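J.: If it helps, the file is called coords_3.tsv and holds TSV, C-alpha atoms and all ligand atoms:
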chain	number	residue	atom	x	y	z
Q	1	MET	CA	-85.42	-15.05	-43.82
Q	2	ASP	CA	-85.63	-17.67	-46.54
Q	3	LYS	CA	-83.03	-17.90	-49.29
Q	4	LYS	CA	-85.18	-16.22	-51.90
Q	5	ASN	CA	-85.73	-13.23	-49.64
Q	6	LEU	CA	-82.06	-13.03	-48.69
Q	7	ILE	CA	-81.15	-12.79	-52.38
Q	8	ARG	CA	-83.86	-10.22	-53.04
Q	9	VAL	CA	-82.70	-7.99	-50.19
Q	10	SER	CA	-79.04	-8.46	-51.12
Q	11	LYS	CA	-79.75	-7.34	-54.70
Q	12	ARG	CA	-81.61	-4.30	-53.46
Q	13	LEU	CA	-78.74	-3.39	-51.14
Q	14	SER	CA	-76.24	-3.83	-53.99
Q	15	ARG	CA	-78.27	-1.48	-56.11
Q	16	HIS	CA	-78.48	1.28	-53.53
Q	17	LEU	CA	-75.07	0.92	-51.86
Q	18	ARG	CA	-73.12	0.56	-55.12
Q	19	HIS	CA	-75.01	2.16	-57.96
Q	20	ALA	CA	-78.10	4.18	-57.17
Q	21	PRO	CA	-78.32	5.58	-53.60
Q	22	GLY	CA	-80.39	8.51	-54.91
Q	23	ASP	CA	-83.21	6.18	-55.95
Q	24	ILE	CA	-84.20	5.83	-52.28
Q	25	GLY	CA	-83.02	9.30	-51.31
Q	26	ILE	CA	-79.83	8.38	-49.46
Q	27	THR	CA	-76.35	9.83	-49.86
Q	28	LEU	CA	-73.15	7.88	-49.30
Q	29	THR	CA	-70.12	9.38	-47.58
Q	30	PRO	CA	-67.07	9.82	-49.84
Q	31	ASP	CA	-65.88	6.41	-48.63
Q	32	GLY	CA	-69.19	4.70	-49.25
Q	33	TRP	CA	-70.90	4.55	-45.85
Q	34	VAL	CA	-74.48	5.28	-44.86
Q	35	ASP	CA	-76.03	5.21	-41.37
Q	36	VAL	CA	-77.89	1.96	-40.82
Q	37	ASP	CA	-80.92	3.80	-39.40
Q	38	THR	CA	-81.03	6.10	-42.43
Q	39	LEU	CA	-80.81	3.13	-44.78
Q	40	LEU	CA	-83.54	1.15	-43.00
Q	41	ALA	CA	-85.87	4.18	-42.96
Q	42	ALA	CA	-85.23	4.81	-46.67
Q	43	LEU	CA	-85.86	1.17	-47.56
Q	44	ARG	CA	-89.08	1.20	-45.54
Q	45	ARG	CA	-90.26	4.35	-47.36
Q	46	ASN	CA	-89.53	2.55	-50.63
Q	47	GLY	CA	-91.47	-0.62	-50.01
Q	48	LEU	CA	-88.83	-2.79	-48.32
Q	49	PRO	CA	-89.47	-2.86	-44.58
Q	50	LEU	CA	-86.50	-4.57	-43.00
Q	51	THR	CA	-85.53	-4.97	-39.35
Q	52	ARG	CA	-81.98	-4.53	-38.09
Q	53	THR	CA	-81.91	-8.26	-37.30
Q	54	GLU	CA	-82.87	-9.09	-40.87
Q	55	LEU	CA	-80.20	-6.72	-42.17
Q	56	ASP	CA	-77.65	-8.44	-39.92
Q	57	GLU	CA	-78.70	-11.74	-41.43
Q	58	VAL	CA	-78.06	-10.49	-44.96
Q	59	VAL	CA	-74.70	-8.96	-44.03
Q	60	GLU	CA	-73.44	-11.94	-42.03
Q	61	GLY	CA	-75.08	-14.54	-44.23
Q	62	LYS	CA	-73.39	-17.28	-46.19
Q	63	ASN	CA	-73.24	-15.13	-49.29
Q	64	LYS	CA	-70.20	-13.31	-50.58
Q	65	ARG	CA	-70.17	-10.81	-47.71
Q	66	ARG	CA	-70.85	-8.02	-50.12
Q	67	PHE	CA	-71.63	-5.57	-47.31
Q	68	ALA	CA	-69.87	-4.65	-44.11
Q	69	PHE	CA	-70.71	-2.65	-40.97
Q	70	ASP	CA	-68.22	-0.22	-39.47
Q	71	GLU	CA	-66.66	-1.16	-36.13
Q	72	ALA	CA	-69.43	0.43	-34.09
Q	73	GLY	CA	-72.08	-1.29	-36.22
Q	74	LEU	CA	-73.72	2.07	-36.93
Q	75	ARG	CA	-72.87	2.40	-40.62
Q	76	ILE	CA	-72.91	0.02	-43.57
Q	77	ARG	CA	-71.23	-0.01	-47.00
Q	78	ALA	CA	-70.70	-2.30	-49.97
Q	79	SER	CA	-67.24	-3.86	-49.85
Q	80	GLN	CA	-66.64	-3.55	-53.60
Q	81	GLY	CA	-68.37	-3.29	-56.95
Q	82	HIS	CA	-69.41	0.38	-56.96
Q	83	SER	CA	-70.21	2.40	-60.01
Q	84	VAL	CA	-70.90	5.60	-58.04
Q	85	ASP	CA	-67.96	7.76	-57.19
Q	86	VAL	CA	-66.58	6.48	-53.86
Q	87	ASP	CA	-63.08	5.98	-52.57
Q	88	LEU	CA	-63.10	3.03	-50.18
Q	89	ALA	CA	-59.65	4.12	-48.95
Q	90	LEU	CA	-58.39	0.54	-48.87
Q	91	PRO	CA	-54.67	0.22	-48.24
Q	92	ALA	CA	-52.42	-0.95	-51.04
Q	93	ALA	CA	-51.67	-4.66	-50.78
Q	94	ILE	CA	-49.09	-6.98	-52.32
Q	95	PRO	CA	-50.98	-9.60	-54.34
Q	96	PRO	CA	-50.17	-13.29	-54.59
Q	97	GLU	CA	-48.04	-14.44	-57.54
Q	98	VAL	CA	-51.10	-15.12	-59.67
Q	99	LEU	CA	-54.70	-13.90	-59.59
Q	100	TYR	CA	-57.56	-15.06	-61.80
Q	101	HIS	CA	-60.31	-13.49	-63.88
Q	102	GLY	CA	-63.35	-15.25	-65.27
Q	103	THR	CA	-64.95	-13.90	-68.39
Q	104	VAL	CA	-66.66	-15.23	-71.54
Q	105	SER	CA	-65.36	-15.87	-75.05
Q	106	ARG	CA	-67.12	-12.90	-76.64
Q	107	PHE	CA	-64.91	-10.51	-74.63
Q	108	LEU	CA	-61.69	-12.44	-75.10
Q	109	ASP	CA	-60.26	-10.77	-78.22
Q	110	ALA	CA	-60.78	-7.30	-76.81
Q	111	ILE	CA	-59.31	-8.30	-73.44
Q	112	LEU	CA	-56.20	-9.92	-74.92
Q	113	HIS	CA	-55.75	-6.87	-77.14
Q	114	GLU	CA	-56.35	-4.01	-74.72
Q	115	GLY	CA	-56.18	-5.74	-71.33
Q	116	LEU	CA	-58.80	-5.88	-68.59
Q	117	ARG	CA	-60.62	-2.62	-68.04
Q	118	PRO	CA	-62.98	-1.77	-65.17
Q	119	MET	CA	-65.90	-1.16	-67.55
Q	120	LYS	CA	-68.75	0.33	-65.44
Q	121	ARG	CA	-67.10	-0.32	-62.09
Q	122	HIS	CA	-64.24	1.46	-60.32
Q	123	ALA	CA	-61.71	-1.28	-60.63
Q	124	VAL	CA	-61.03	-4.58	-62.34
Q	125	HIS	CA	-62.10	-7.42	-60.05
Q	126	LEU	CA	-59.74	-10.37	-59.71
Q	127	SER	CA	-60.14	-13.60	-57.76
Q	128	ALA	CA	-57.66	-15.43	-55.57
Q	129	THR	CA	-58.80	-18.84	-56.79
Q	130	VAL	CA	-59.65	-20.42	-60.12
Q	131	ASP	CA	-62.95	-21.66	-58.70
Q	132	THR	CA	-64.11	-18.17	-57.79
Q	133	ALA	CA	-63.06	-16.81	-61.18
Q	134	ARG	CA	-64.97	-19.62	-62.86
Q	135	ALA	CA	-68.12	-18.69	-60.91
Q	136	VAL	CA	-67.70	-15.01	-61.85
Q	137	GLY	CA	-67.33	-15.89	-65.55
Q	138	ALA	CA	-70.27	-18.31	-65.39
Q	139	ARG	CA	-72.62	-15.38	-64.61
Q	140	ARG	CA	-72.39	-14.53	-68.32
Q	141	GLY	CA	-72.05	-17.89	-70.05
Q	142	VAL	CA	-69.44	-20.61	-70.45
Q	143	PRO	CA	-66.55	-19.28	-68.38
Q	144	VAL	CA	-63.19	-18.51	-69.95
Q	145	LEU	CA	-60.38	-18.22	-67.42
Q	146	LEU	CA	-57.44	-15.85	-67.43
Q	147	ALA	CA	-54.40	-15.82	-65.16
Q	148	VAL	CA	-52.92	-12.47	-64.19
Q	149	ASP	CA	-49.23	-12.21	-63.29
Q	150	ALA	CA	-50.16	-10.07	-60.34
Q	151	ARG	CA	-46.88	-10.07	-58.43
Q	152	GLU	CA	-45.04	-9.05	-61.57
Q	153	MET	CA	-47.60	-6.30	-62.19
Q	154	SER	CA	-47.21	-5.07	-58.65
Q	155	ALA	CA	-43.40	-5.05	-59.01
Q	156	ALA	CA	-43.89	-2.98	-62.18
Q	157	GLY	CA	-45.71	-0.35	-60.09
Q	158	HIS	CA	-49.40	-1.25	-60.51
Q	159	GLU	CA	-51.32	-0.84	-57.27
Q	160	PHE	CA	-53.55	-3.59	-55.87
Q	161	GLN	CA	-56.08	-3.51	-53.05
Q	162	VAL	CA	-58.04	-6.27	-51.45
Q	163	SER	CA	-61.65	-5.64	-50.41
Q	164	ALA	CA	-63.09	-6.65	-47.04
Q	165	ASN	CA	-64.58	-9.73	-48.73
Q	166	GLY	CA	-61.38	-10.87	-50.41
Q	167	VAL	CA	-61.86	-9.50	-53.94
Q	168	TRP	CA	-58.62	-8.17	-55.45
Q	169	LEU	CA	-58.94	-4.80	-57.14
Q	170	THR	CA	-56.68	-2.94	-59.55
Q	171	ALA	CA	-57.26	-0.07	-61.97
Q	172	ALA	CA	-56.58	-2.10	-65.15
Q	173	VAL	CA	-54.55	-5.09	-66.29
Q	174	PRO	CA	-52.34	-4.52	-69.36
Q	175	PRO	CA	-52.39	-7.44	-71.81
Q	176	GLU	CA	-48.75	-8.39	-71.23
Q	177	PHE	CA	-49.68	-9.61	-67.72
Q	178	LEU	CA	-52.54	-11.83	-68.97
Q	179	ARG	CA	-52.54	-15.48	-70.01
Q	180	ARG	CA	-55.41	-17.71	-70.99
Q	181	LEU	CA	-55.71	-20.84	-68.84
O	201	LIG	C1	-65.24	-7.74	-69.20
O	201	LIG	C2	-69.66	-9.92	-59.05
O	201	LIG	C3	-64.24	-6.24	-73.20
O	201	LIG	C4	-64.98	-8.55	-67.96
O	201	LIG	C5	-68.57	-10.94	-59.30
O	201	LIG	C6	-66.39	-8.76	-67.43
O	201	LIG	C7	-67.31	-10.12	-59.26
O	201	LIG	C8	-63.93	-6.57	-70.95
O	201	LIG	C9	-67.12	-7.49	-67.85
O	201	LIG	C10	-67.77	-8.71	-59.57
O	201	LIG	C11	-62.72	-5.85	-70.99
O	201	LIG	C12	-67.30	-6.51	-66.73
O	201	LIG	C13	-67.17	-8.20	-60.85
O	201	LIG	C14	-62.29	-5.35	-72.23
O	201	LIG	C15	-63.04	-6.50	-68.98
O	201	LIG	N1	-63.08	-5.56	-73.31
O	201	LIG	N2	-64.69	-6.75	-72.04
O	201	LIG	N3	-61.14	-4.67	-72.37
O	201	LIG	N4	-62.19	-5.82	-69.74
O	201	LIG	N5	-64.09	-6.96	-69.67
O	201	LIG	O1	-69.54	-7.33	-63.77
O	201	LIG	O2	-65.33	-9.12	-63.12
O	201	LIG	O3	-72.18	-10.30	-57.33
O	201	LIG	O4	-68.09	-5.26	-64.09
O	201	LIG	O5	-64.34	-9.77	-68.27
O	201	LIG	O6	-68.59	-11.98	-58.36
O	201	LIG	O7	-67.51	-9.89	-64.24
O	201	LIG	O8	-71.59	-7.97	-57.86
O	201	LIG	O9	-67.00	-7.44	-63.74
O	201	LIG	O10	-67.00	-9.87	-68.02
O	201	LIG	O11	-66.63	-10.12	-58.04
O	201	LIG	O12	-70.87	-8.95	-55.69
O	201	LIG	O13	-66.30	-6.87	-68.85
O	201	LIG	O14	-69.18	-8.78	-59.68
O	201	LIG	O15	-69.81	-9.67	-57.70
O	201	LIG	O16	-68.27	-7.04	-65.87
O	201	LIG	O17	-67.52	-9.07	-61.93
O	201	LIG	P1	-68.30	-6.71	-64.31
O	201	LIG	P2	-66.80	-8.97	-63.33
O	201	LIG	P3	-71.19	-9.19	-57.09
Kindly present the structure from the file in structure tokens form.
T.:
Amino acid sequence: MDKKNLIRVSKRLSRHLRHAPGDIGITLTPDGWVDVDTLLAALRRNGLPLTRTELDEVVEGKNKRRFAFDEAGLRIRASQGHSVDVDLALPAAIPPEVLYHGTVSRFLDAILHEGLRPMKRHAVHLSATVDTARAVGARRGVPVLLAVDAREMSAAGHEFQVSANGVWLTAAVPPEFLRRL
């Protein structure tokens, strides 16, 4: 599959595995999985015929590894980023000293005032590196970078999880744990 197609399929999968499974008539399990065969049939019915090999290519590809198969390779789910009600049942994890968040200046006042909130998603997404945070912020404009005192937050009782593709998740970040870089 060429790059353009990989991106197109990846966007479609994001839409249905994170936000709108009902649009193609699939239902996710409470922890976000759907049978691969069910997904491929539903995509085919909705104008996106895709082989299992092509799906493998999207999942294993050099992108962010947004999707993962279960151990048997029979089911697939998005690793993070959902707006539909799923509980990925990820174990709690102790974060590194500092995590990073990339945003844009128009959100800065609100964020420094009320902290980071998950907005439409289930959790606030934090990055392990400044470079990743910069890329996340750059999706919306000139990136503004924030450091999160994650270890301190964790010691204060805030729970963190890390997704299968290395994104750090937490319910919210109170402003006292945030600094502008
Ligand atoms: C901002 C992509 C005002 C927040 C990326 C962000 C990431 C606030 C936006 C993943 C706020 C939410 C997530 C507050 C937060 N007031 N604005 N209190 N708290 N915000 O897309 O972190 O391609 O839901 O700064 O790579 O940008 O989908 O979160 O700008 O990993 O796989 O509200 O999405 O991954 O936006 O990105 P998002 P995000 P995928």
J.: Please measure the separation of atom CA of Q:Asp56 and atom CA of Q:Val124, giving the value in Å to one decimal.
T.: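 So the answer is 28.2 Å.
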J.: In terms of the shortest atom-to-atom distance over all atoms listed in the file, which of Q:Val136, Q:Ala41, Q:Ala72, Q:Met153 is closest to Q:Gly102?
T.: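 Looking only at the distances to Q:Gly102, the closest residue turns out to be Q:Val136.
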J.: Provide an axis-aligned box for all listed atoms of ligand LIG 201 (chain O), padding each side by 8 Å; report its centre and its edge lengths in Å to one decimal, as lines of an AutoDock Vina configuration file.
T.:
center_x = -66.7
center_y = -8.3
center_z = -64.5
size_x = 27.0
size_y = 23.3
size_z = 33.6
J.: Using only C-alpha atoms and all ligand atoms, find each residue with an atom at most 7 Å away from ligand LIG 201 (chain O) and format the answer as a list in words.
T.: Lys64, Arg66, Gly81, His101, Gly102, Thr103, Val104, Phe107, Leu108, Ala110, Ile111, Glu114, Gly115, Leu116, Arg117, Pro118, Met119, Lys120, Arg121, Val124, His125, Leu126, Val136, Gly137 and Val167 of chain Q
J.: Counting only C-alpha atoms, which of Q:Arg151, Q:Leu48, Q:Glu97, Q:Gly32 gets nearest to Q:Asp70?
T.: Q:Gly32
J.: Reconstruct N, CA and C atoms of stretch 50-81 of chain Q; output as a PDB file, keeping the file's coordinate frame.
T.:
ATOM      1  N   LEU Q  50     -87.523  -3.600 -43.389  1.00  0.00           N
ATOM      2  CA  LEU Q  50     -86.500  -4.570 -43.000  1.00  0.00           C
ATOM      3  C   LEU Q  50     -86.086  -4.238 -41.568  1.00  0.00           C
ATOM      4  N   THR Q  51     -85.998  -5.249 -40.710  1.00  0.00           N
ATOM      5  CA  THR Q  51     -85.530  -4.970 -39.350  1.00  0.00           C
ATOM      6  C   THR Q  51     -84.006  -5.016 -39.322  1.00  0.00           C
ATOM      7  N   ARG Q  52     -83.441  -4.496 -38.234  1.00  0.00           N
ATOM      8  CA  ARG Q  52     -81.980  -4.530 -38.090  1.00  0.00           C
ATOM      9  C   ARG Q  52     -81.499  -5.991 -38.031  1.00  0.00           C
ATOM     10  N   THR Q  53     -82.289  -6.839 -37.387  1.00  0.00           N
ATOM     11  CA  THR Q  53     -81.910  -8.260 -37.300  1.00  0.00           C
ATOM     12  C   THR Q  53     -81.872  -8.896 -38.678  1.00  0.00           C
ATOM     13  N   GLU Q  54     -82.855  -8.548 -39.510  1.00  0.00           N
ATOM     14  CA  GLU Q  54     -82.870  -9.090 -40.870  1.00  0.00           C
ATOM     15  C   GLU Q  54     -81.682  -8.556 -41.678  1.00  0.00           C
ATOM     16  N   LEU Q  55     -81.367  -7.284 -41.478  1.00  0.00           N
ATOM     17  CA  LEU Q  55     -80.200  -6.720 -42.170  1.00  0.00           C
ATOM     18  C   LEU Q  55     -78.924  -7.445 -41.745  1.00  0.00           C
ATOM     19  N   ASP Q  56     -78.806  -7.689 -40.432  1.00  0.00           N
ATOM     20  CA  ASP Q  56     -77.650  -8.440 -39.920  1.00  0.00           C
ATOM     21  C   ASP Q  56     -77.535  -9.787 -40.619  1.00  0.00           C
ATOM     22  N   GLU Q  57     -78.681 -10.416 -40.802  1.00  0.00           N
ATOM     23  CA  GLU Q  57     -78.700 -11.740 -41.430  1.00  0.00           C
ATOM     24  C   GLU Q  57     -78.153 -11.672 -42.857  1.00  0.00           C
ATOM     25  N   VAL Q  58     -78.537 -10.637 -43.581  1.00  0.00           N
ATOM     26  CA  VAL Q  58     -78.060 -10.490 -44.960  1.00  0.00           C
ATOM     27  C   VAL Q  58     -76.554 -10.203 -44.978  1.00  0.00           C
ATOM     28  N   VAL Q  59     -76.115  -9.349 -44.048  1.00  0.00           N
ATOM     29  CA  VAL Q  59     -74.700  -8.960 -44.030  1.00  0.00           C
ATOM     30  C   VAL Q  59     -73.815 -10.132 -43.594  1.00  0.00           C
ATOM     31  N   GLU Q  60     -74.267 -10.856 -42.569  1.00  0.00           N
ATOM     32  CA  GLU Q  60     -73.440 -11.940 -42.030  1.00  0.00           C
ATOM     33  C   GLU Q  60     -73.652 -13.255 -42.765  1.00  0.00           C
ATOM     34  N   GLY Q  61     -74.646 -13.282 -43.630  1.00  0.00           N
ATOM     35  CA  GLY Q  61     -75.080 -14.540 -44.230  1.00  0.00           C
ATOM     36  C   GLY Q  61     -74.003 -15.276 -45.003  1.00  0.00           C
ATOM     37  N   LYS Q  62     -74.375 -16.423 -45.536  1.00  0.00           N
ATOM     38  CA  LYS Q  62     -73.390 -17.280 -46.190  1.00  0.00           C
ATOM     39  C   LYS Q  62     -73.117 -16.814 -47.617  1.00  0.00           C
ATOM     40  N   ASN Q  63     -73.503 -15.601 -47.934  1.00  0.00           N
ATOM     41  CA  ASN Q  63     -73.240 -15.130 -49.290  1.00  0.00           C
ATOM     42  C   ASN Q  63     -71.807 -14.612 -49.375  1.00  0.00           C
ATOM     43  N   LYS Q  64     -71.571 -13.756 -50.316  1.00  0.00           N
ATOM     44  CA  LYS Q  64     -70.200 -13.310 -50.580  1.00  0.00           C
ATOM     45  C   LYS Q  64     -69.702 -12.249 -49.608  1.00  0.00           C
ATOM     46  N   ARG Q  65     -70.499 -11.927 -48.613  1.00  0.00           N
ATOM     47  CA  ARG Q  65     -70.170 -10.810 -47.710  1.00  0.00           C
ATOM     48  C   ARG Q  65     -69.932  -9.534 -48.496  1.00  0.00           C
ATOM     49  N   ARG Q  66     -70.946  -9.213 -49.276  1.00  0.00           N
ATOM     50  CA  ARG Q  66     -70.850  -8.020 -50.120  1.00  0.00           C
ATOM     51  C   ARG Q  66     -70.894  -6.723 -49.331  1.00  0.00           C
ATOM     52  N   PHE Q  67     -71.439  -6.792 -48.100  1.00  0.00           N
ATOM     53  CA  PHE Q  67     -71.630  -5.570 -47.310  1.00  0.00           C
ATOM     54  C   PHE Q  67     -70.943  -5.736 -45.968  1.00  0.00           C
ATOM     55  N   ALA Q  68     -70.535  -4.586 -45.411  1.00  0.00           N
ATOM     56  CA  ALA Q  68     -69.870  -4.650 -44.110  1.00  0.00           C
ATOM     57  C   ALA Q  68     -70.339  -3.477 -43.254  1.00  0.00           C
ATOM     58  N   PHE Q  69     -70.437  -3.722 -41.934  1.00  0.00           N
ATOM     59  CA  PHE Q  69     -70.710  -2.650 -40.970  1.00  0.00           C
ATOM     60  C   PHE Q  69     -69.387  -2.034 -40.542  1.00  0.00           C
ATOM     61  N   ASP Q  70     -69.428  -0.784 -40.089  1.00  0.00           N
ATOM     62  CA  ASP Q  70     -68.220  -0.220 -39.470  1.00  0.00           C
ATOM     63  C   ASP Q  70     -68.053  -0.843 -38.087  1.00  0.00           C
ATOM     64  N   GLU Q  71     -66.960  -0.474 -37.398  1.00  0.00           N
ATOM     65  CA  GLU Q  71     -66.660  -1.160 -36.130  1.00  0.00           C
ATOM     66  C   GLU Q  71     -67.753  -0.990 -35.096  1.00  0.00           C
ATOM     67  N   ALA Q  72     -68.379   0.176 -35.073  1.00  0.00           N
ATOM     68  CA  ALA Q  72     -69.430   0.430 -34.090  1.00  0.00           C
ATOM     69  C   ALA Q  72     -70.763  -0.208 -34.503  1.00  0.00           C
ATOM     70  N   GLY Q  73     -70.832  -0.690 -35.742  1.00  0.00           N
ATOM     71  CA  GLY Q  73     -72.080  -1.290 -36.220  1.00  0.00           C
ATOM     72  C   GLY Q  73     -73.151  -0.254 -36.535  1.00  0.00           C
ATOM     73  N   LEU Q  74     -72.741   1.000 -36.685  1.00  0.00           N
ATOM     74  CA  LEU Q  74     -73.720   2.070 -36.930  1.00  0.00           C
ATOM     75  C   LEU Q  74     -73.870   2.395 -38.402  1.00  0.00           C
ATOM     76  N   ARG Q  75     -72.828   2.078 -39.183  1.00  0.00           N
ATOM     77  CA  ARG Q  75     -72.870   2.400 -40.620  1.00  0.00           C
ATOM     78  C   ARG Q  75     -72.627   1.135 -41.427  1.00  0.00           C
ATOM     79  N   ILE Q  76     -73.067   1.174 -42.685  1.00  0.00           N
ATOM     80  CA  ILE Q  76     -72.910   0.020 -43.570  1.00  0.00           C
ATOM     81  C   ILE Q  76     -72.400   0.511 -44.920  1.00  0.00           C
ATOM     82  N   ARG Q  77     -71.604  -0.333 -45.614  1.00  0.00           N
ATOM     83  CA  ARG Q  77     -71.230  -0.010 -47.000  1.00  0.00           C
ATOM     84  C   ARG Q  77     -71.049  -1.296 -47.781  1.00  0.00           C
ATOM     85  N   ALA Q  78     -71.049  -1.169 -49.113  1.00  0.00           N
ATOM     86  CA  ALA Q  78     -70.700  -2.300 -49.970  1.00  0.00           C
ATOM     87  C   ALA Q  78     -69.182  -2.423 -49.964  1.00  0.00           C
ATOM     88  N   SER Q  79     -68.687  -3.656 -49.951  1.00  0.00           N
ATOM     89  CA  SER Q  79     -67.240  -3.860 -49.850  1.00  0.00           C
ATOM     90  C   SER Q  79     -66.518  -3.671 -51.167  1.00  0.00           C
ATOM     91  N   GLN Q  80     -67.238  -3.766 -52.271  1.00  0.00           N
ATOM     92  CA  GLN Q  80     -66.640  -3.550 -53.600  1.00  0.00           C
ATOM     93  C   GLN Q  80     -67.760  -3.440 -54.612  1.00  0.00           C
ATOM     94  N   GLY Q  81     -67.400  -3.188 -55.864  1.00  0.00           N
ATOM     95  CA  GLY Q  81     -68.370  -3.290 -56.950  1.00  0.00           C
ATOM     96  C   GLY Q  81     -69.107  -2.003 -57.292  1.00  0.00           C
TER      97      GLY Q  81
END
